[in-house]
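Reproduced below: coords.txt, with compact mmCIF, C-alpha atoms.
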# COMPACT_ATOMS: atom_id res chain seq x y z
CA MET A 48 278.20 3.38 210.07
CA ARG A 49 281.79 4.55 210.03
CA ALA A 50 282.75 7.23 207.58
CA MET A 51 285.72 5.51 205.94
CA GLU A 52 283.87 2.25 205.42
CA LYS A 53 283.17 1.34 201.83
CA ARG A 54 279.61 0.58 200.96
CA SER A 55 278.24 -1.57 198.19
CA ILE A 56 275.98 0.43 195.90
CA THR A 57 274.31 -0.06 192.55
CA LEU A 58 274.94 2.68 190.01
CA THR A 59 272.69 2.75 186.99
CA VAL A 60 274.72 4.28 184.20
CA ASN A 61 273.50 4.44 180.61
CA GLY A 62 270.87 1.82 181.42
CA GLN A 63 273.35 -0.64 182.86
CA ASN A 64 273.74 -1.57 186.52
CA HIS A 65 277.19 -1.43 188.10
CA GLU A 66 277.77 -2.91 191.55
CA VAL A 67 280.56 -0.86 193.07
CA MET A 68 282.18 -0.49 196.50
CA VAL A 69 282.64 3.16 197.39
CA GLU A 70 283.36 5.34 200.36
CA PRO A 71 280.54 7.86 200.86
CA ARG A 72 282.93 10.66 199.92
CA LYS A 73 283.71 9.22 196.49
CA LEU A 74 282.81 11.73 193.80
CA LEU A 75 280.42 10.48 191.15
CA VAL A 76 282.94 11.38 188.46
CA ASP A 77 285.64 9.26 190.12
CA ALA A 78 283.27 6.31 190.50
CA LEU A 79 282.31 6.61 186.83
CA ARG A 80 285.92 6.69 185.70
CA GLU A 81 287.56 4.33 188.17
CA ASP A 82 284.84 1.85 189.11
CA CYS A 83 282.58 1.83 186.06
CA ARG A 84 285.55 2.29 183.71
CA LEU A 85 283.69 4.97 181.80
CA THR A 86 286.46 7.47 181.17
CA GLY A 87 284.59 9.64 178.68
CA THR A 88 283.51 11.93 181.51
CA HIS A 89 286.43 14.22 182.22
CA VAL A 90 287.29 15.73 185.57
CA GLY A 91 288.71 19.22 185.57
CA CYS A 92 288.40 21.67 188.43
CA GLU A 93 286.69 19.42 190.99
CA HIS A 94 284.69 22.28 192.40
CA GLY A 95 281.90 22.88 189.97
CA VAL A 96 283.40 25.68 187.91
CA CYS A 97 284.63 24.17 184.65
CA GLY A 98 281.73 21.95 183.62
CA ALA A 99 283.96 19.24 182.12
CA CYS A 100 282.39 16.54 184.31
CA THR A 101 278.77 17.36 183.45
CA VAL A 102 276.57 14.26 183.20
CA LEU A 103 272.82 13.78 183.25
CA VAL A 104 270.96 12.49 186.28
CA ASP A 105 267.36 11.55 185.50
CA GLY A 106 267.74 13.65 182.37
CA SER A 107 268.97 16.89 183.92
CA THR A 108 272.48 18.26 183.98
CA VAL A 109 274.63 17.61 187.04
CA ARG A 110 278.24 18.36 187.86
CA SER A 111 279.54 14.90 188.71
CA CYS A 112 282.32 16.44 190.83
CA LEU A 113 279.75 18.03 193.15
CA THR A 114 277.81 14.82 193.53
CA TYR A 115 278.79 11.71 195.45
CA ALA A 116 278.35 8.32 193.84
CA ILE A 117 276.42 7.09 196.87
CA GLN A 118 273.74 9.73 196.25
CA MET A 119 272.98 8.22 192.85
CA GLU A 120 271.40 4.97 194.01
CA GLY A 121 267.93 4.86 192.51
CA HIS A 122 268.76 7.45 189.87
CA GLU A 123 269.62 7.11 186.19
CA VAL A 124 273.02 8.51 185.25
CA SER A 125 273.78 9.20 181.59
CA THR A 126 277.28 9.88 180.39
CA ILE A 127 278.89 10.84 177.09
CA GLU A 128 279.17 7.12 176.29
CA SER A 129 275.38 7.00 175.88
CA VAL A 130 275.09 9.79 173.34
CA ASP A 131 276.02 8.05 170.13
CA ALA A 132 273.46 5.76 168.53
CA GLY A 133 275.23 2.47 167.81
CA GLY A 134 278.45 4.13 166.76
CA LYS A 135 276.74 6.97 164.91
CA LEU A 136 277.28 10.49 166.19
CA SER A 137 274.36 12.45 167.59
CA PRO A 138 273.33 15.59 165.66
CA LEU A 139 275.19 17.69 168.22
CA GLN A 140 278.35 15.59 168.00
CA GLN A 141 278.20 15.65 164.21
CA ALA A 142 277.76 19.44 164.20
CA LEU A 143 280.69 19.91 166.59
CA HIS A 144 282.77 17.82 164.23
CA GLU A 145 281.69 19.73 161.12
CA GLU A 146 282.04 23.19 162.67
CA HIS A 147 285.39 22.49 164.36
CA GLY A 148 283.74 22.95 167.73
CA LEU A 149 286.62 21.30 169.54
CA GLN A 150 290.37 21.32 169.54
CA CYS A 151 291.90 19.44 172.47
CA GLY A 152 288.50 17.96 173.30
CA PHE A 153 288.87 17.97 177.06
CA CYS A 154 285.76 20.08 177.67
CA THR A 155 283.71 18.48 174.90
CA PRO A 156 281.99 15.64 176.82
CA GLY A 157 280.66 18.17 179.34
CA ILE A 158 279.47 20.49 176.59
CA VAL A 159 277.77 17.67 174.73
CA MET A 160 275.96 16.49 177.86
CA THR A 161 274.90 20.03 178.80
CA PHE A 162 273.40 20.65 175.37
CA GLU A 163 271.88 17.21 174.90
CA ALA A 164 269.73 18.21 177.88
CA PHE A 165 269.38 21.89 176.97
CA LEU A 166 268.23 21.27 173.39
CA LYS A 167 265.50 18.90 174.60
CA HIS A 168 263.92 21.83 176.43
CA HIS A 169 264.95 24.63 174.05
CA SER A 170 264.44 23.47 170.50
CA ASP A 171 264.96 26.92 168.96
CA PRO A 172 267.37 28.80 171.21
CA SER A 173 268.69 32.26 170.40
CA GLU A 174 272.42 32.84 170.29
CA ASP A 175 272.18 34.65 173.63
CA GLU A 176 270.41 31.70 175.22
CA ILE A 177 273.04 29.33 173.87
CA ARG A 178 275.87 31.50 175.16
CA GLU A 179 274.18 31.82 178.55
CA ALA A 180 273.86 28.05 178.86
CA LEU A 181 277.39 27.54 177.52
CA SER A 182 278.83 29.88 180.15
CA GLY A 183 278.98 26.98 182.61
CA ASN A 184 281.39 25.02 180.43
CA LEU A 185 284.90 26.39 180.12
CA CYS A 186 286.82 25.82 176.90
CA ARG A 187 290.38 27.12 176.69
CA CYS A 188 290.98 26.33 173.00
CA THR A 189 288.18 27.40 170.73
CA GLY A 190 287.04 30.84 171.83
CA TYR A 191 283.52 29.34 171.76
CA GLN A 192 282.54 30.73 168.34
CA ASN A 193 282.49 27.39 166.64
CA ILE A 194 280.83 25.69 169.58
CA VAL A 195 277.98 28.19 169.35
CA LYS A 196 277.75 27.64 165.59
CA ALA A 197 277.67 23.88 166.11
CA ILE A 198 274.90 24.11 168.69
CA GLN A 199 272.85 26.32 166.37
CA LYS A 200 273.39 23.85 163.56
CA ALA A 201 272.46 20.88 165.74
CA ALA A 202 269.30 22.63 166.96
CA GLU A 203 268.27 23.33 163.38
CA GLN A 204 269.01 19.78 162.32
CA MET A 205 267.02 18.38 165.24
CA ARG A 206 264.05 20.65 164.47
CA LYS A 207 264.03 19.60 160.82
CA ASN A 208 264.54 15.93 161.49
CA PRO A 209 264.06 14.77 165.09
CA ASP A 210 265.17 11.25 164.19
CA TYR A 211 268.39 12.39 162.53
CA VAL A 212 271.36 10.06 162.81
CA ALA A 213 274.74 11.12 161.47
CA PRO A 214 275.90 9.37 158.31
CA MET B 140 290.57 17.86 195.75
CA LYS B 141 288.64 15.20 197.54
CA PRO B 142 286.45 15.68 200.59
CA ALA B 143 287.42 14.39 204.00
CA ALA B 144 285.60 11.21 204.99
CA PHE B 145 282.02 11.56 206.12
CA ALA B 146 279.25 9.15 207.03
CA TYR B 147 276.27 9.32 204.71
CA HIS B 148 272.59 9.27 205.58
CA ARG B 149 269.67 9.36 203.23
CA PRO B 150 266.46 9.78 205.19
CA GLU B 151 263.21 8.98 203.41
CA SER B 152 260.95 11.28 205.38
CA ILE B 153 261.07 14.67 207.07
CA GLU B 154 260.54 13.00 210.47
CA GLU B 155 263.51 10.71 209.94
CA THR B 156 265.62 13.68 208.83
CA LEU B 157 264.76 15.63 211.96
CA ARG B 158 265.55 12.64 214.19
CA GLN B 159 268.94 12.26 212.52
CA LEU B 160 269.66 15.98 212.79
CA ALA B 161 268.86 15.89 216.51
CA ALA B 162 270.92 12.73 217.09
CA LEU B 163 274.00 13.69 215.06
CA GLY B 164 274.43 17.20 216.42
CA SER B 165 276.45 20.09 215.13
CA SER B 166 279.11 18.07 213.31
CA ALA B 167 276.51 16.89 210.78
CA LYS B 168 275.52 18.87 207.69
CA VAL B 169 272.50 18.56 205.46
CA ILE B 170 273.11 18.49 201.73
CA ALA B 171 270.51 19.35 199.10
CA GLY B 172 271.77 20.52 195.71
CA GLY B 173 275.35 20.64 196.94
CA GLN B 174 276.29 23.51 194.61
CA SER B 175 277.85 25.51 197.46
CA LEU B 176 278.51 22.80 200.03
CA GLY B 177 280.05 20.49 197.40
CA PRO B 178 282.98 22.81 196.61
CA MET B 179 283.46 23.51 200.32
CA LEU B 180 283.64 19.77 201.02
CA ASN B 181 285.98 19.14 198.11
CA MET B 182 288.29 21.94 199.23
CA ARG B 183 287.94 20.75 202.83
CA LEU B 184 286.68 24.12 203.98
CA ALA B 185 283.86 22.05 205.47
CA THR B 186 284.60 18.70 207.12
CA PRO B 187 281.34 17.43 208.60
CA SER B 188 281.33 14.03 210.30
CA ASP B 189 278.00 13.19 208.71
CA LEU B 190 276.14 14.24 205.60
CA ILE B 191 272.35 14.03 205.61
CA ASP B 192 271.06 13.95 202.04
CA LEU B 193 267.70 15.70 201.62
CA ASN B 194 267.21 14.85 197.96
CA ASP B 195 264.61 12.15 198.63
CA LEU B 196 262.34 14.65 200.38
CA THR B 197 260.64 15.50 197.11
CA GLU B 198 257.55 16.67 199.01
CA LEU B 199 259.62 19.79 199.75
CA ALA B 200 259.92 20.72 196.06
CA TYR B 201 256.84 22.79 195.24
CA VAL B 202 255.42 26.24 194.61
CA ARG B 203 251.92 27.04 195.82
CA GLU B 204 249.72 29.99 196.73
CA VAL B 205 248.81 30.44 200.37
CA GLY B 206 246.56 33.48 200.70
CA ASP B 207 248.50 36.56 199.66
CA MET B 208 251.79 34.67 199.86
CA LEU B 209 253.63 32.32 197.57
CA GLU B 210 255.00 29.33 199.46
CA ILE B 211 258.01 27.57 198.02
CA GLY B 212 259.42 24.33 199.41
CA ALA B 213 263.05 24.27 200.50
CA LEU B 214 264.05 21.61 197.97
CA THR B 215 262.74 23.57 194.97
CA ARG B 216 265.55 23.98 192.44
CA HIS B 217 266.54 27.39 191.09
CA ALA B 218 265.55 26.35 187.57
CA GLN B 219 262.06 25.39 188.81
CA ILE B 220 261.64 28.78 190.49
CA ALA B 221 262.87 30.61 187.39
CA ALA B 222 260.48 28.72 185.11
CA SER B 223 257.44 28.47 187.41
CA ARG B 224 254.37 30.13 185.88
CA LEU B 225 253.13 30.89 189.37
CA VAL B 226 256.37 32.60 190.41
CA LEU B 227 256.60 34.53 187.13
CA ASP B 228 253.02 35.77 187.58
CA LYS B 229 252.88 36.38 191.31
CA CYS B 230 256.44 37.16 192.30
CA PRO B 231 258.35 37.97 189.11
CA LEU B 232 261.29 39.55 190.96
CA LEU B 233 262.11 36.17 192.50
CA ALA B 234 261.90 34.35 189.16
CA HIS B 235 264.13 36.93 187.46
CA ALA B 236 266.73 36.70 190.20
CA ALA B 237 266.69 32.89 190.22
CA LYS B 238 267.34 32.87 186.49
CA THR B 239 270.66 34.65 187.00
CA ILE B 240 272.12 32.23 189.54
CA GLY B 241 275.39 30.57 188.49
CA HIS B 242 275.10 28.53 185.32
CA TYR B 243 272.56 26.29 183.63
CA ALA B 244 273.74 23.07 185.30
CA ILE B 245 273.97 24.74 188.71
CA ARG B 246 270.37 25.98 188.48
CA GLN B 247 269.15 22.46 187.73
CA ARG B 248 270.56 21.25 191.03
CA GLY B 249 270.84 24.12 193.53
CA THR B 250 267.91 24.63 195.91
CA LEU B 251 266.15 27.54 197.60
CA GLY B 252 266.69 26.13 201.09
CA GLY B 253 270.32 25.40 200.37
CA SER B 254 271.03 28.91 199.15
CA LEU B 255 269.39 30.51 202.18
CA ALA B 256 271.11 28.18 204.65
CA HIS B 257 274.47 28.78 202.97
CA ALA B 258 273.87 32.55 203.31
CA ASP B 259 276.43 33.94 200.94
CA PRO B 260 276.20 37.74 201.31
CA ALA B 261 276.19 38.27 197.54
CA ALA B 262 273.81 35.44 196.58
CA GLN B 263 270.50 36.15 194.83
CA LEU B 264 268.01 34.22 196.96
CA PRO B 265 269.04 35.56 200.39
CA LEU B 266 268.77 39.04 198.86
CA MET B 267 265.30 38.22 197.53
CA ALA B 268 264.21 36.92 200.94
CA VAL B 269 265.35 40.11 202.67
CA THR B 270 264.12 42.51 199.99
CA LEU B 271 260.67 40.97 199.83
CA GLY B 272 260.38 40.42 203.57
CA ALA B 273 259.99 36.66 203.21
CA GLN B 274 259.10 34.34 206.08
CA ILE B 275 261.33 31.34 206.52
CA GLU B 276 259.77 28.30 208.18
CA VAL B 277 262.33 26.11 209.95
CA ILE B 278 261.59 22.79 211.58
CA SER B 279 263.24 20.49 214.07
CA SER B 280 262.16 17.59 216.24
CA ARG B 281 261.28 20.27 218.80
CA GLY B 282 258.73 21.93 216.54
CA LYS B 283 258.72 24.79 214.07
CA ARG B 284 259.70 28.44 214.01
CA ILE B 285 258.84 31.11 211.49
CA LEU B 286 261.60 33.64 211.05
CA ALA B 287 261.56 36.92 209.19
CA ALA B 288 264.34 36.94 206.60
CA ALA B 289 265.86 39.96 208.35
CA ASP B 290 266.29 37.86 211.52
CA PHE B 291 267.44 34.74 209.70
CA PHE B 292 270.71 36.05 208.27
CA GLU B 293 273.14 36.82 211.08
CA SER B 294 276.44 37.28 209.30
CA ALA B 295 278.30 36.06 206.21
CA MET B 296 277.60 32.31 205.87
CA SER B 297 275.89 32.38 209.22
CA THR B 298 272.17 32.05 210.01
CA ALA B 299 269.81 31.67 212.94
CA LEU B 300 269.43 27.94 212.18
CA THR B 301 270.42 25.74 215.12
CA SER B 302 272.19 22.45 214.48
CA ASP B 303 269.01 20.37 214.72
CA GLU B 304 266.95 22.59 212.40
CA MET B 305 266.35 22.65 208.68
CA ILE B 306 264.42 25.00 206.40
CA LYS B 307 261.05 23.59 205.38
CA CYS B 308 259.66 26.33 203.16
CA VAL B 309 259.75 30.04 202.45
CA ARG B 310 256.79 32.38 201.99
CA PHE B 311 257.19 35.38 199.72
CA PRO B 312 254.58 38.14 199.44
CA LYS B 313 252.86 38.28 196.08
CA GLN B 314 253.36 41.32 193.92
CA GLY B 315 250.45 43.73 194.21
CA ALA B 316 248.46 45.59 191.58
CA GLN B 317 250.31 48.45 189.90
CA GLU B 318 253.51 47.16 191.37
CA GLY B 319 256.66 46.64 189.37
CA SER B 320 259.99 45.10 190.25
CA SER B 321 263.52 44.82 188.99
CA PHE B 322 266.61 42.83 189.84
CA GLN B 323 269.94 44.28 188.73
CA PHE B 324 273.43 43.05 189.41
CA PHE B 325 276.96 43.27 188.15
CA ASN B 326 279.84 40.83 188.15
CA ARG B 327 283.01 40.56 186.13
CA ARG B 328 282.49 37.01 184.88
CA HIS B 329 279.17 35.58 183.83
CA GLY B 330 277.85 33.21 186.49
CA ASP B 331 279.95 34.58 189.34
CA TYR B 332 278.48 36.01 192.50
CA ALA B 333 277.51 39.63 192.07
CA ILE B 334 279.81 42.39 193.28
CA VAL B 335 276.64 44.33 194.00
CA ALA B 336 273.05 43.17 193.46
CA VAL B 337 269.82 45.12 193.89
CA GLY B 338 266.21 44.05 194.29
CA VAL B 339 263.44 46.64 194.01
CA THR B 340 259.66 46.58 194.12
CA VAL B 341 257.66 49.76 193.75
CA ALA B 342 253.89 50.23 193.79
CA VAL B 343 252.48 53.34 192.18
CA GLN B 344 249.25 55.28 192.40
CA GLY B 345 249.03 57.77 189.59
CA GLU B 346 252.44 59.41 189.51
CA CYS B 347 253.31 58.60 193.12
CA ALA B 348 255.30 55.74 194.58
CA VAL B 349 253.12 54.44 197.40
CA ARG B 350 255.21 51.48 198.49
CA LEU B 351 258.88 50.83 197.97
CA ARG B 352 261.05 47.88 198.90
CA LEU B 353 264.76 47.94 198.22
CA GLY B 354 267.42 45.42 199.14
CA LEU B 355 271.14 45.34 198.39
CA GLY B 356 273.48 42.36 198.21
CA GLY B 357 277.26 42.44 198.27
CA VAL B 358 277.58 45.59 200.36
CA GLY B 359 277.83 43.95 203.79
CA ALA B 360 277.92 40.64 205.64
CA VAL B 361 274.20 40.07 205.06
CA PRO B 362 271.74 41.35 202.48
CA LEU B 363 270.84 44.91 203.40
CA ASP B 364 267.19 45.86 203.77
CA CYS B 365 266.95 49.54 202.77
CA MET B 366 263.22 49.90 203.54
CA ASP B 367 263.75 52.43 206.33
CA MET B 368 266.38 54.30 204.35
CA VAL B 369 263.99 54.90 201.46
CA GLN B 370 260.89 55.58 203.55
CA PRO B 371 261.15 59.40 203.10
CA SER B 372 260.96 58.86 199.33
CA VAL B 373 257.57 57.15 199.49
CA ASP B 374 254.37 59.07 198.66
CA ARG B 375 256.19 61.34 196.29
CA VAL B 376 256.03 61.76 192.55
CA ALA B 377 258.17 58.95 191.19
CA ASP B 378 259.99 59.83 188.00
CA ALA B 379 263.54 59.62 186.68
CA ALA B 380 264.70 62.47 188.90
CA TRP B 381 263.18 60.73 191.92
CA ALA B 382 264.99 57.49 191.03
CA ALA B 383 268.28 59.35 190.73
CA GLU B 384 267.74 61.04 194.08
CA VAL B 385 266.87 57.78 195.88
CA ALA B 386 269.85 55.99 194.33
CA LEU B 387 272.23 58.73 195.43
CA ALA B 388 270.87 58.78 198.97
CA VAL B 389 271.09 54.98 199.28
CA SER B 390 274.61 54.76 197.92
CA GLN B 391 275.83 57.58 200.19
CA ALA B 392 274.50 55.75 203.25
CA LEU B 393 276.45 52.58 202.42
CA ASN B 394 279.60 51.64 204.19
CA PRO B 395 281.04 48.63 202.36
CA GLU B 396 284.42 47.15 203.19
CA ASP B 397 287.49 48.18 201.26
CA GLU B 398 288.82 45.10 199.51
CA LEU B 399 291.93 44.65 197.44
CA ARG B 400 290.12 44.10 194.14
CA VAL B 401 286.93 45.95 194.95
CA PRO B 402 287.50 49.27 196.73
CA ALA B 403 284.62 50.58 198.82
CA VAL B 404 284.21 53.58 196.55
CA TYR B 405 283.71 51.32 193.54
CA ARG B 406 281.06 49.30 195.33
CA LYS B 407 279.23 52.48 196.32
CA GLU B 408 279.29 53.81 192.77
CA LEU B 409 278.12 50.47 191.47
CA ALA B 410 275.28 50.45 193.99
CA HIS B 411 274.35 53.97 192.88
CA THR B 412 274.16 52.95 189.23
CA LEU B 413 272.33 49.69 189.85
CA VAL B 414 269.77 51.14 192.27
CA GLU B 415 268.90 53.89 189.81
CA ARG B 416 268.62 51.40 186.97
CA ALA B 417 266.45 49.07 189.05
CA LEU B 418 264.14 51.89 190.19
CA VAL B 419 263.63 53.17 186.66
CA ARG B 420 262.89 49.66 185.35
CA ALA B 421 260.57 48.83 188.26
CA LEU B 422 258.66 52.09 187.73
CA GLU B 423 258.22 51.31 184.04
CA ARG B 424 256.81 47.92 184.91
CA ALA B 425 254.55 49.33 187.62
CA LYS B 426 253.05 51.80 185.15
CA GLU B 427 252.56 49.22 182.37
Written as structure tokens, that's how I'd like the structure from this file.
Amino acid sequence: MRAMEKRSITLTVNGQNHEVMVEPRKLLVDALREDCRLTGTHVGCEHGVCGACTVLVDGSTVRSCLTYAIQMEGHEVSTIESVDAGGKLSPLQQALHEEHGLQCGFCTPGIVMTFEAFLKHHSDPSEDEIREALSGNLCRCTGYQNIVKAIQKAAEQMRKNPDYVAP
Amino acid sequence: MKPAAFAYHRPESIEETLRQLAALGSSAKVIAGGQSLGPMLNMRLATPSDLIDLNDLTELAYVREVGDMLEIGALTRHAQIAASRLVLDKCPLLAHAAKTIGHYAIRQRGTLGGSLAHADPAAQLPLMAVTLGAQIEVISSRGKRILAAADFFESAMSTALTSDEMIKCVRFPKQGAQEGSSFQFFNRRHGDYAIVAVGVTVAVQGECAVRLRLGLGGVGAVPLDCMDMVQPSVDRVADAAWAAEVALAVSQALNPEDELRVPAVYRKELAHTLVERALVRALERAKE
């Protein structure tokens, strides 16, 4: 198999199968944006530092710039497009909105995906735990204060009402 | 930044992996979590002809007890090590160190074998392997070898692995009775590699330290095993003054490189502070 040759693969993204032709070196984030036309996942630093491209693979957080699309055959990829419930914001998205947890919004999809996963395993995180987990997602606008507040609010909301859907 | 072209292989068994490694030779690279290799590929610091993806070898993701050792499969993720009840109980130093690696998302993906094979001189897991005197089992189509961590790391980013070998598992000694440990490190930005990192285990009998392991990361090309250096301090009354004395002796024996942003003198002072802190904390835990 020659390296430059494109290969046909099936990507399962947000429960839907996409047949795409990719070179083995194609980053997952580029395949998501260019081939699956899911541009909600942003690509920032392309070397795993900024966290903007964070998606979920089989439910756990993955930098989609450090993963190649071809590696994802047989795995379930979830992107920011899967987070809302039929047009309604998730508790975390709603809290980010209410607490002004974003300004330019570039880093937000990565932060949402990181904490959709994190809050499943840490239903009552301390502020330190939130800040530790948030350290892998760079935001150049907010100073993080409101993001932390939003995550705390979302965690509380999800504890009180696990089936919460934003109005 | 996009990687140079590579051919991709996804073996389904260890045997198939070893056959591919033998056939493809030194221009091939194995990829597990990809948290270190990924950036190197994207920045084209690494341009392998072939990438062999180990992620389907899920039989290599495990933690189990083997006699007085804890055996951990090469594909075990940092987050699994940090959260493993067995590791927290039997080798808490390793769990504590794993918890500090990079960021949340990186720990979900990065692997023990990957970190050791990458051999960054400031990384947590190579330091843990050297400090604890771990055994690293490597396999190839020719058979297996068991290497002491001290023999495994040869220089910065360079190990004793030959091009047809891969790490299968690592065995860490379990923490003994009346033994305490501490991992301490310092960096300027959360999630970065440490400037200096220290791993300590100390076993006490009454007021005396009867066994002491001490390893330092970030002060040379490979993690530094200070066992011999601290040997004269064993079998003595271990208190705060003892910790201060050991820390001073260790830091004075160091000879780190002078770098533009981190002068040697700073690294030595940092080592001094961190070793003392680690010894004091480990002693507290040993006496609990």
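Here the question is which of B:Leu418, B:Leu190, B:Ala161, B:Val385 gets nearest to chain A using only C-alpha atoms, and that residue is B:Leu190.
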Which residues of chain A have any atom within 10 Å of an atom in chain B when counting all atoms listed in the file, and what is the closest pair of atoms for each, with the distance in Å to one decimal? Order the rows by chain and rising number and write it as CSV.
residue,atom,partner,partner_atom,distance
A:Met48,CA,B:Ala146,CA,6.6
A:Arg49,CA,B:Ala146,CA,6.1
A:Ala50,CA,B:Ala146,CA,4.0
A:Met51,CA,B:Ala144,CA,5.8
A:Glu52,CA,B:Ala146,CA,8.5
A:Glu70,CA,B:Ala144,CA,7.8
A:Pro71,CA,B:Tyr147,CA,5.9
A:Arg72,CA,B:Ala144,CA,5.8
A:Lys73,CA,B:Lys141,CA,7.8
A:Leu74,CA,B:Lys141,CA,7.7
A:Asp77,CA,B:Lys141,CA,10.0
A:Cys92,CA,B:Met140,CA,8.5
A:Glu93,CA,B:Met140,CA,6.3
A:His94,CA,B:Pro178,CA,4.6
A:Gly95,CA,B:Pro178,CA,6.7
A:Val96,CA,B:His242,CA,9.1
A:Gly98,CA,B:Ala244,CA,8.2
A:Thr101,CA,B:Ala244,CA,7.8
A:Val102,CA,B:Ala244,CA,9.5
A:Leu103,CA,B:Ala244,CA,9.6
A:Val104,CA,B:Arg248,CA,10.0
A:Ser107,CA,B:Gln247,CA,6.8
A:Thr108,CA,B:Ala244,CA,5.1
A:Val109,CA,B:Ala244,CA,5.8
A:Arg110,CA,B:Ala244,CA,7.0
A:Cys112,CA,B:Gly177,CA,8.0
A:Leu113,CA,B:Gly177,CA,4.9
A:Thr114,CA,B:Gly173,CA,7.2
A:Tyr115,CA,B:Gly177,CA,9.1
A:Ile117,CA,B:Tyr147,CA,8.2
A:Gln118,CA,B:Asp192,CA,7.6
A:Thr161,CA,B:Ala244,CA,7.3
A:Ala164,CA,B:Ala244,CA,9.7
A:Phe165,CA,B:Tyr243,CA,8.6
A:Glu179,CA,B:His242,CA,7.6
A:Ala180,CA,B:Tyr243,CA,5.2
A:Leu181,CA,B:Tyr243,CA,7.9
A:Ser182,CA,B:His242,CA,6.5
A:Gly183,CA,B:His242,CA,5.0
A:Asn184,CA,B:His242,CA,8.7
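Here atom CA of B:Gly359 is placed at a distance of 12.9 Å from atom CA of B:Ser297.
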Residue neighbourhood stretch 408-414 of chain B, 10 Å, all atoms listed in the file, exclusion window fewer than 6 positions, as an NGL selection string: :B and (321-325 or 334-339 or 353-358 or 382-391 or 393 or 420)
Near B:Ile211, within 6 Å and counting only C-alpha atoms, which residues show up once chain neighbours fewer than 3 positions away are dropped, as an NGL selection string? :B and (201-202 or 308-309)
Write out as a ChimeraX atom specification the residues lying within 12 Å of B:Asp290, counting all atoms listed in the file and excluding same-chain residues fewer than 6 positions away. /B:265,268-269,272-275,284,297-300,361-364
Of the candidates B:Thr301, B:Thr215, B:Gln344, B:Gln159, which shows the shortest atom-to-atom distance to B:Ser254, using only C-alpha atoms? B:Thr215
List as a PyMOL selection string: which residues have an atom within 7 Å of (274.8, 34.8, 203.6), counting all atoms listed in the file? chain B and resi 257-260+265+292+294-297+360-361
Selection near B:Gly282, 12 Å with all atoms listed in the file, sequence-local residues under 6 positions removed, as a PDB file with C-alpha atoms, keeping the file's coordinate frame:
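This is the output file around-v9.pdb:
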ATOM      1  CA  GLU B 154     260.540  13.000 210.470  1.00  0.00           C
ATOM      2  CA  LEU B 157     264.760  15.630 211.960  1.00  0.00           C
ATOM      3  CA  ARG B 158     265.550  12.640 214.190  1.00  0.00           C
ATOM      4  CA  ALA B 161     268.860  15.890 216.510  1.00  0.00           C
ATOM      5  CA  GLU B 276     259.770  28.300 208.180  1.00  0.00           C
ATOM      6  CA  ASP B 303     269.010  20.370 214.720  1.00  0.00           C
ATOM      7  CA  GLU B 304     266.950  22.590 212.400  1.00  0.00           C
ATOM      8  CA  MET B 305     266.350  22.650 208.680  1.00  0.00           C
ATOM      9  CA  LYS B 307     261.050  23.590 205.380  1.00  0.00           C
TER      10      LYS B 307
END
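In this structure, atom CA of B:Cys230 sits 18.3 Å away from atom CA of B:Met366.
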Contact residues around B:Thr197 with all atoms listed in the file at 12 Å, ignoring same-chain residues under 3 positions, as a PDB file with C-alpha atoms, in the coordinates of the input:
ATOM      1  CA  PRO B 150     266.460   9.780 205.190  1.00  0.00           C
ATOM      2  CA  GLU B 151     263.210   8.980 203.410  1.00  0.00           C
ATOM      3  CA  SER B 152     260.950  11.280 205.380  1.00  0.00           C
ATOM      4  CA  ILE B 153     261.070  14.670 207.070  1.00  0.00           C
ATOM      5  CA  ALA B 171     270.510  19.350 199.100  1.00  0.00           C
ATOM      6  CA  ASP B 192     271.060  13.950 202.040  1.00  0.00           C
ATOM      7  CA  LEU B 193     267.700  15.700 201.620  1.00  0.00           C
ATOM      8  CA  ASN B 194     267.210  14.850 197.960  1.00  0.00           C
ATOM      9  CA  ALA B 200     259.920  20.720 196.060  1.00  0.00           C
ATOM     10  CA  TYR B 201     256.840  22.790 195.240  1.00  0.00           C
ATOM     11  CA  GLY B 212     259.420  24.330 199.410  1.00  0.00           C
ATOM     12  CA  ALA B 213     263.050  24.270 200.500  1.00  0.00           C
ATOM     13  CA  LEU B 214     264.050  21.610 197.970  1.00  0.00           C
ATOM     14  CA  THR B 215     262.740  23.570 194.970  1.00  0.00           C
ATOM     15  CA  ARG B 216     265.550  23.980 192.440  1.00  0.00           C
ATOM     16  CA  THR B 250     267.910  24.630 195.910  1.00  0.00           C
ATOM     17  CA  LYS B 307     261.050  23.590 205.380  1.00  0.00           C
TER      18      LYS B 307
END
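The closest residue to A:Cys186, picked from A:Leu85, A:Ala202, A:Ile56, A:Cys151 and counting only C-alpha atoms, is A:Cys151.
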If the box runs along x, y and z of the file and leaves 4 Å on each side of stretch 361-364 of chain B, what are its centre and edge lengths in Å, one decimal, as JSON?
{"center_x": 270.7, "center_y": 43.0, "center_z": 203.8, "size_x": 15.0, "size_y": 13.8, "size_z": 10.6}
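Of note, atom CA of B:Leu286 and atom CA of B:Asn394 are spaced 26.4 Å apart.
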